[in-house]
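Containing mmCIF, C-alpha atoms: query12.cif.
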data_upload
loop_
_atom_site.label_atom_id
_atom_site.label_comp_id
_atom_site.auth_asym_id
_atom_site.auth_seq_id
_atom_site.Cartn_x
_atom_site.Cartn_y
_atom_site.Cartn_z
CA MET A 1 -75.62 131.62 116.14
CA ARG A 2 -75.54 128.41 118.11
CA ARG A 3 -76.54 125.18 116.48
CA ARG A 4 -78.17 122.30 118.21
CA SER A 5 -78.32 118.65 117.35
CA PRO A 6 -79.88 115.57 118.89
CA SER A 7 -77.50 113.17 120.55
CA ASN A 8 -77.40 109.72 119.00
CA PRO A 9 -81.01 108.38 119.18
CA LEU A 10 -81.65 105.03 120.74
CA VAL A 11 -84.01 102.69 118.89
CA SER A 12 -85.58 99.79 120.76
CA GLN A 13 -87.64 97.07 119.12
CA SER A 14 -89.53 94.74 121.42
CA PRO A 15 -92.48 92.39 120.76
CA ARG A 16 -95.59 93.00 122.88
CA ARG A 17 -93.87 95.45 125.28
CA THR A 18 -95.04 98.92 126.24
CA GLN A 19 -92.51 100.07 128.84
CA ALA A 20 -90.11 102.83 127.73
CA ASN A 21 -86.38 102.29 127.48
CA SER A 22 -84.10 104.69 129.30
CA VAL A 23 -82.07 107.21 127.32
CA GLN A 24 -78.59 105.86 126.80
CA SER A 25 -77.00 109.10 125.54
CA ARG A 26 -75.50 111.72 127.84
CA GLN A 27 -75.55 115.46 127.30
CA SER A 28 -71.76 115.56 126.98
CA GLU A 29 -71.70 113.03 124.15
CA THR A 30 -71.17 114.08 120.58
CA PRO A 31 -72.82 112.32 117.59
CA ARG A 32 -70.85 109.28 116.58
CA PRO A 33 -71.14 107.46 113.25
CA GLU A 34 -70.97 103.93 114.69
CA LYS A 35 -73.94 101.90 115.85
CA ARG A 36 -73.98 99.76 118.96
CA THR A 37 -76.45 97.12 120.04
CA ASP A 38 -77.33 96.18 123.61
CA THR A 39 -79.02 93.09 125.02
CA SER A 40 -82.55 94.54 124.96
CA ARG A 41 -82.62 94.69 121.16
CA GLY A 42 -82.02 98.44 121.41
CA SER A 43 -79.45 100.05 119.15
CA ARG A 44 -77.91 103.49 118.99
CA ILE A 45 -78.17 104.84 115.46
CA SER A 46 -75.86 107.30 113.78
CA LEU A 47 -76.95 110.66 112.41
CA ALA A 48 -74.29 110.45 109.71
CA HIS A 49 -75.17 107.05 108.20
CA LYS A 50 -78.47 105.21 108.09
CA PRO A 51 -78.37 101.69 109.51
CA SER A 52 -78.48 98.78 107.11
CA PRO A 53 -80.47 96.65 106.59
CA ALA A 54 -83.80 98.37 107.21
CA LEU A 55 -85.59 97.85 110.50
CA SER A 56 -88.52 95.47 110.28
CA LEU A 57 -91.63 95.34 112.49
CA GLY A 58 -94.22 92.64 112.82
CA ALA A 59 -97.94 93.03 113.38
CA SER A 60 -97.50 93.04 117.19
CA ASP A 61 -94.07 94.69 117.52
CA VAL A 62 -93.41 98.02 119.20
CA LEU A 63 -90.78 100.48 117.99
CA LYS A 64 -89.44 102.85 120.65
CA LEU A 65 -87.30 105.85 119.75
CA THR A 66 -85.66 108.04 122.41
CA PHE A 67 -83.29 110.95 121.86
CA GLN A 68 -82.18 114.20 123.41
CA VAL A 69 -81.65 117.53 121.67
CA VAL A 70 -78.53 119.30 123.03
CA ASP A 71 -76.71 122.50 122.23
CA LYS A 72 -73.61 121.81 120.16
CA GLU A 73 -71.39 124.13 122.21
CA ASP A 74 -72.33 123.77 125.87
CA ARG A 75 -73.97 120.31 125.45
CA LYS A 76 -77.04 121.39 127.45
CA GLY A 77 -80.46 120.08 126.57
CA VAL A 78 -82.70 122.46 124.63
CA GLN A 79 -86.37 122.28 123.67
CA PRO A 80 -87.19 122.88 119.97
CA HIS A 81 -90.37 124.71 119.13
CA GLN A 82 -91.39 122.00 116.67
CA THR A 83 -90.31 118.37 116.40
CA PHE A 84 -91.67 115.96 113.81
CA LEU A 85 -91.05 112.44 112.55
CA ARG A 86 -91.73 111.93 108.86
CA PHE A 87 -92.64 108.53 107.41
CA TYR A 88 -92.23 108.63 103.63
CA ASP A 89 -92.82 105.94 101.02
CA GLU A 90 -90.57 106.78 98.06
CA VAL A 91 -92.43 104.41 95.73
CA SER A 92 -96.03 105.51 96.28
CA GLY A 93 -95.26 109.07 97.40
CA GLU A 94 -97.40 108.69 100.52
CA GLU A 95 -96.16 110.36 103.69
CA GLY A 96 -97.20 110.81 107.31
CA ILE A 97 -96.13 113.45 109.83
CA GLN A 98 -96.04 112.59 113.53
CA PRO A 99 -95.42 115.38 116.11
CA VAL A 100 -93.06 114.44 118.92
CA LYS A 101 -93.25 115.99 122.38
CA VAL A 102 -89.90 117.21 123.74
CA THR A 103 -89.31 118.10 127.39
CA PRO A 104 -87.63 121.39 128.43
CA GLY A 105 -84.47 119.35 128.94
CA GLY A 106 -84.50 118.27 125.30
CA LYS A 107 -85.51 114.65 125.93
CA ALA A 108 -88.05 112.99 123.64
CA LYS A 109 -89.64 109.58 123.33
CA PHE A 110 -91.77 108.08 120.56
CA GLU A 111 -93.46 104.69 120.41
CA LEU A 112 -94.91 103.00 117.34
CA ASN A 113 -97.18 100.13 118.30
CA MET A 114 -98.10 98.12 115.21
CA ALA A 115 -101.02 96.57 117.07
CA ARG A 116 -102.54 100.08 117.18
CA PRO A 117 -100.75 102.10 114.49
CA PRO A 118 -101.28 105.89 114.65
CA ALA A 119 -103.38 107.70 112.08
CA SER A 120 -100.27 109.60 110.95
CA LEU A 121 -98.74 106.41 109.54
CA PRO A 122 -99.27 106.45 105.75
CA PRO A 123 -100.72 103.50 103.82
CA THR A 124 -97.94 100.93 103.63
CA THR A 125 -96.90 98.19 101.23
CA THR A 126 -93.91 95.88 101.18
CA ASP A 127 -91.68 98.88 100.37
CA PRO A 128 -89.78 100.43 103.30
CA LEU A 129 -90.67 103.78 104.82
CA ARG A 130 -87.97 106.42 105.09
CA VAL A 131 -88.02 107.85 108.62
CA SER A 132 -86.71 111.40 109.05
CA LEU A 133 -86.46 113.73 112.04
CA TYR A 134 -87.24 117.45 111.69
CA LEU A 135 -86.37 120.09 114.29
CA GLY A 136 -87.62 123.67 114.01
CA SER A 137 -86.96 126.71 116.18
CA PHE A 138 -87.36 130.49 116.09
CA VAL A 139 -83.78 131.08 117.30
CA HIS A 140 -81.86 128.23 115.63
CA PRO A 141 -81.68 127.10 112.00
CA PRO A 142 -83.97 124.14 111.21
CA VAL A 143 -82.33 120.75 110.79
CA GLN A 144 -83.30 117.44 109.23
CA TYR A 145 -81.84 114.01 109.96
CA GLU A 146 -82.38 110.80 107.99
CA LEU A 147 -82.71 108.19 110.73
CA PHE A 148 -83.43 104.79 109.21
CA ASP A 149 -85.61 102.80 106.83
CA LEU A 150 -88.55 100.97 108.36
CA VAL A 151 -90.46 97.96 106.97
CA VAL A 152 -93.93 97.45 108.45
CA PRO A 153 -96.73 95.05 107.55
CA PRO A 154 -98.81 96.16 104.55
CA SER A 155 -101.89 98.09 105.55
CA GLN A 156 -105.35 96.83 104.76
CA PRO A 157 -107.29 98.63 102.03
CA PRO A 158 -109.75 101.15 103.48
CA PRO A 159 -113.44 100.22 103.38
CA GLN A 160 -115.33 101.65 100.45
CA HIS A 161 -117.44 104.67 101.28
CA PRO A 162 -121.13 104.34 100.32
CA ASP A 163 -120.89 107.48 98.17
CA GLU A 164 -117.55 106.64 96.56
CA ALA A 165 -119.16 105.71 93.24
CA SER A 166 -120.53 109.23 92.95
CA PHE A 167 -117.00 110.66 92.80
CA HIS A 168 -115.78 108.57 89.87
CA VAL A 169 -116.01 109.49 86.22
CA ARG A 170 -119.47 108.67 84.95
CA PRO A 171 -120.35 107.76 81.36
CA GLU A 172 -120.94 110.69 79.08
CA ILE A 173 -124.56 111.76 78.85
CA GLN A 174 -125.86 111.48 75.32
CA HIS A 175 -128.54 114.12 74.84
CA THR A 176 -131.37 113.34 72.45
CA PHE A 177 -132.97 116.37 70.86
CA ARG A 178 -136.26 116.30 69.05
CA PRO A 179 -136.15 117.25 65.36
CA GLU A 180 -136.58 120.85 64.36
CA GLN A 181 -140.15 122.00 64.00
CA LYS A 182 -141.30 122.38 60.43
CA LEU A 183 -142.74 125.74 59.39
CA PRO A 184 -146.25 125.77 57.96
CA PRO A 185 -146.81 126.81 54.34
CA LYS A 186 -146.48 130.53 53.66
CA VAL A 187 -150.09 130.74 52.44
CA ILE A 188 -151.43 129.61 55.80
CA SER A 189 -149.10 131.98 57.66
CA ALA A 190 -150.21 134.92 55.51
CA PHE A 191 -153.89 134.09 56.06
CA PHE A 192 -153.61 134.12 59.86
CA ALA A 193 -151.48 137.27 59.79
CA ALA A 194 -154.18 139.03 57.79
CA LEU A 195 -156.80 137.71 60.20
CA LEU A 196 -154.97 139.25 63.15
CA ALA A 197 -154.53 142.59 61.36
CA ALA A 198 -158.17 142.83 60.28
CA PRO A 199 -159.50 144.34 63.60
CA TRP A 200 -156.92 147.11 63.41
CA VAL A 201 -157.94 147.89 59.81
CA VAL A 202 -161.59 148.09 60.88
CA LEU A 203 -160.68 150.34 63.83
CA VAL A 204 -158.75 152.76 61.63
CA GLY A 205 -161.59 152.86 59.12
CA LEU A 206 -164.21 153.66 61.76
CA TRP A 207 -161.93 156.28 63.31
CA SER A 208 -161.71 158.03 59.92
CA HIS A 209 -165.50 158.31 59.82
CA ILE A 210 -165.81 159.63 63.37
CA ARG A 211 -162.90 162.07 63.04
CA PRO A 212 -162.32 162.81 66.75
CA GLN A 213 -161.39 166.38 67.55
CA VAL A 214 -158.40 167.05 69.79
CA PRO A 215 -157.87 170.79 69.34
CA HIS A 216 -155.99 171.29 72.61
CA LEU A 217 -153.68 168.27 72.35
CA PHE A 218 -150.62 170.36 71.55
CA SER A 219 -151.36 173.20 74.00
CA PRO A 220 -148.52 174.18 76.38
CA ASN A 221 -150.44 172.83 79.38
CA ILE A 222 -151.25 169.37 77.95
CA LEU A 223 -148.32 168.56 75.65
CA PRO A 224 -145.80 168.02 78.49
CA PHE A 225 -148.12 165.43 80.07
CA ILE A 226 -148.52 163.61 76.75
CA ALA A 227 -144.71 163.64 76.37
CA THR A 228 -144.18 162.03 79.79
CA LEU A 229 -146.73 159.33 78.98
CA ALA A 230 -144.88 158.63 75.74
CA ALA A 231 -141.65 158.44 77.77
CA PHE A 232 -143.24 155.72 79.96
CA GLU A 233 -144.18 153.74 76.87
CA GLY A 234 -140.62 154.10 75.58
CA LEU A 235 -139.30 152.89 78.94
CA LEU A 236 -141.41 149.73 78.66
CA VAL A 237 -140.07 149.09 75.15
CA TRP A 238 -136.52 149.63 76.43
CA TYR A 239 -137.19 147.16 79.25
CA TRP A 240 -138.36 144.57 76.75
CA VAL A 241 -135.18 145.08 74.70
CA ALA A 242 -132.34 145.52 77.17
CA LEU A 243 -133.16 146.79 80.68
CA ARG A 244 -133.54 144.80 83.88
CA LEU A 245 -136.39 145.08 86.37
CA GLY A 246 -134.36 147.04 88.88
CA GLN A 247 -133.36 149.60 86.26
CA VAL A 248 -136.97 149.97 85.09
CA LEU A 249 -138.13 150.65 88.65
CA LEU A 250 -135.40 153.25 89.14
CA TYR A 251 -136.06 155.07 85.87
CA GLY A 252 -139.83 154.81 86.39
CA ALA A 253 -139.57 156.38 89.86
CA ILE A 254 -137.58 159.29 88.41
CA LEU A 255 -140.00 159.72 85.52
CA ALA A 256 -143.05 159.58 87.82
CA VAL A 257 -142.22 162.99 89.36
CA PRO A 258 -142.53 165.10 86.19
CA THR A 259 -145.48 162.96 85.05
CA ALA A 260 -147.41 163.76 88.24
CA LEU A 261 -146.63 167.51 87.98
CA THR A 262 -147.50 167.81 84.30
CA GLY A 263 -150.65 165.70 84.77
CA LYS A 264 -151.85 167.97 87.57
CA ARG A 265 -151.21 171.00 85.39
CA ALA A 266 -153.06 169.42 82.41
CA LEU A 267 -156.10 168.54 84.55
CA ALA A 268 -156.20 172.08 85.95
CA ALA A 269 -156.12 173.52 82.43
CA LEU A 270 -158.94 171.25 81.27
CA GLY A 271 -161.02 172.23 84.29
CA GLU A 272 -160.54 175.93 83.65
CA ARG A 273 -161.43 175.45 79.98
CA ARG A 274 -164.68 173.67 80.84
CA LEU A 275 -165.61 176.46 83.23
CA GLY A 276 -164.90 179.04 80.51
CA LYS A 277 -162.02 180.65 82.41
CA SER A 278 -159.54 180.02 79.65
CA SER A 279 -159.81 180.24 75.91
CA LYS A 280 -156.66 178.23 75.27
#
Is it possible to give me this structure as structure tokens?
Amino acid sequence: MRRRSPSNPLVSQSPRRTQANSVQSRQSETPRPEKRTDTSRGSRISLAHKPSPALSLGASDVLKLTFQVVDKEDRKGVQPHQTFLRFYDEVSGEEGIQPVKVTPGGKAKFELNMARPPASLPPTTTDPLRVSLYLGSFVHPPVQYELFDLVVPPSQPPPQHPDEASFHVRPEIQHTFRPEQKLPPKVISAFFAALLAAPWVVLVGLWSHIRPQVPHLFSPNILPFIATLAAFEGLLVWYWVALRLGQVLLYGAILAVPTALTGKRALAALGERRLGKSSK
């Protein structure tokens, strides 16, 4: 598998200039470890050793980086699928990724204008940024090159967002609970309990004097209807204990079918009995 590598990049530093420098490397050149400087403050950097000392930019300086990606064997320019410059602050851990556009011939150019720094530049301090070049392709192995260290002016702190205070740790909420309610004396509780039970005692006593007659309550035609009504009452108790509303509606719909059938049969039996057609 062929490998590709960028020819020695050319770095140009110029104050208040926007025009691009021409590419000084040729396709037939191989990477060389030495660094050379021309009269336009441009220097060819080595891919084997980072230049020293670190490059420094002022508030109005422009950094221009040009390079060409060539095949290592035939020295022809190739276009990577992905090309990135990484600016990394080793002290703070902040980093920024800047995509770089490469032509089909493998030529690329990047400009860093400190008067209008890109959004990809991480927050900076007095510590240098480590600048790295990343090349990625579907047909060639990815490569990484450490280019140089760059010192830029410290960035200004970002303005505080109006809602920033809402995202900080707030003081712990101290809940104040009212004291536990005191129970009334047992004598008073017993008196009101007896008062509530008194109507039921009177009702049972009166019922014993009336003695209602239900001779056909347990007949085969009426007992099933009474059983389904008792099942409905049990369903309501079950709902109060454990069931949910949806389950009660489902079970009630199922139980309504036999209740309607047995109720119709019980009413028919009572009607026949009143007309003297049945002695049951």
Just the number, please: distance in Å from CA of Ser52 in chain A to CA of Phe148 in chain A, one decimal.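 Atom-to-atom, CA of Ser52 in chain A and CA of Phe148 in chain A are spaced 8.1 Å apart.
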Expand the PyMOL selection byres ((chain A and resi 96) around 12) into the explicit residue set it covers here, and present it as a short mmCIF file (atom, residue, chain, number, x, y, z; two decimals) with C-alpha atoms, in the frame of the given file.
data_model
loop_
_atom_site.label_atom_id
_atom_site.label_comp_id
_atom_site.auth_asym_id
_atom_site.auth_seq_id
_atom_site.Cartn_x
_atom_site.Cartn_y
_atom_site.Cartn_z
CA PHE A 84 -91.67 115.96 113.81
CA LEU A 85 -91.05 112.44 112.55
CA ARG A 86 -91.73 111.93 108.86
CA PHE A 87 -92.64 108.53 107.41
CA TYR A 88 -92.23 108.63 103.63
CA ASP A 89 -92.82 105.94 101.02
CA GLY A 93 -95.26 109.07 97.40
CA GLU A 94 -97.40 108.69 100.52
CA GLU A 95 -96.16 110.36 103.69
CA ILE A 97 -96.13 113.45 109.83
CA GLN A 98 -96.04 112.59 113.53
CA PRO A 99 -95.42 115.38 116.11
CA PRO A 117 -100.75 102.10 114.49
CA PRO A 118 -101.28 105.89 114.65
CA ALA A 119 -103.38 107.70 112.08
CA SER A 120 -100.27 109.60 110.95
CA LEU A 121 -98.74 106.41 109.54
CA PRO A 122 -99.27 106.45 105.75
CA PRO A 123 -100.72 103.50 103.82
CA THR A 124 -97.94 100.93 103.63
CA LEU A 129 -90.67 103.78 104.82
CA ARG A 130 -87.97 106.42 105.09
CA VAL A 131 -88.02 107.85 108.62
CA SER A 132 -86.71 111.40 109.05
#
Centre, edges in Å (one decimal): axis-aligned box, range 156-159 of chain A, 3 Å padding on all six sides, as AutoDock Vina command-line options:
--center_x -109.4 --center_y 99.0 --center_z 103.4 --size_x 14.1 --size_y 10.3 --size_z 8.7
Report as a PyMOL selection string the full result of the PyMOL selection byres ((chain A and resi 134-139) around 8) when it is applied to this structure. chain A and resi 80-86+132-133+140-145
Selected by the PyMOL selection byres ((chain A and resi 152) around 10) in the shown coordinates: which residues, as a PDB file with C-alpha atoms, in the coordinates of the input?
ATOM      1  CA  LEU A  55     -85.590  97.850 110.500  1.00  0.00           C
ATOM      2  CA  SER A  56     -88.520  95.470 110.280  1.00  0.00           C
ATOM      3  CA  LEU A  57     -91.630  95.340 112.490  1.00  0.00           C
ATOM      4  CA  GLY A  58     -94.220  92.640 112.820  1.00  0.00           C
ATOM      5  CA  ALA A  59     -97.940  93.030 113.380  1.00  0.00           C
ATOM      6  CA  ASP A  61     -94.070  94.690 117.520  1.00  0.00           C
ATOM      7  CA  MET A 114     -98.100  98.120 115.210  1.00  0.00           C
ATOM      8  CA  THR A 124     -97.940 100.930 103.630  1.00  0.00           C
ATOM      9  CA  THR A 125     -96.900  98.190 101.230  1.00  0.00           C
ATOM     10  CA  THR A 126     -93.910  95.880 101.180  1.00  0.00           C
ATOM     11  CA  ASP A 127     -91.680  98.880 100.370  1.00  0.00           C
ATOM     12  CA  PRO A 128     -89.780 100.430 103.300  1.00  0.00           C
ATOM     13  CA  LEU A 129     -90.670 103.780 104.820  1.00  0.00           C
ATOM     14  CA  LEU A 150     -88.550 100.970 108.360  1.00  0.00           C
ATOM     15  CA  VAL A 151     -90.460  97.960 106.970  1.00  0.00           C
ATOM     16  CA  PRO A 153     -96.730  95.050 107.550  1.00  0.00           C
ATOM     17  CA  PRO A 154     -98.810  96.160 104.550  1.00  0.00           C
ATOM     18  CA  SER A 155    -101.890  98.090 105.550  1.00  0.00           C
TER      19      SER A 155
END
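Atom to atom, CA of Phe110 in chain A and CA of Phe67 in chain A stand 9.0 Å apart.
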Nearest to Val62 in chain A, chosen from A:Ile188, A:Arg116, A:Phe177, A:Ala48, with all atoms listed in the file counted in the distances: A:Arg116
May I ask for the distance between CA of Val100 in chain A and CA of Leu112 in chain A, given in Å to one decimal place?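 Taking CA of Val100 in chain A and CA of Leu112 in chain A, their separation equals 11.7 Å.
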Which neighbours of Leu229 in chain A fall inside 10 Å, counting only C-alpha atoms, when residues of the same chain fewer than 5 positions from it are skipped, and could you give them as a list in words? Leu223, Pro224, Gly234, Leu235, Leu255, Ala256, Thr259 and Gly263 of chain A
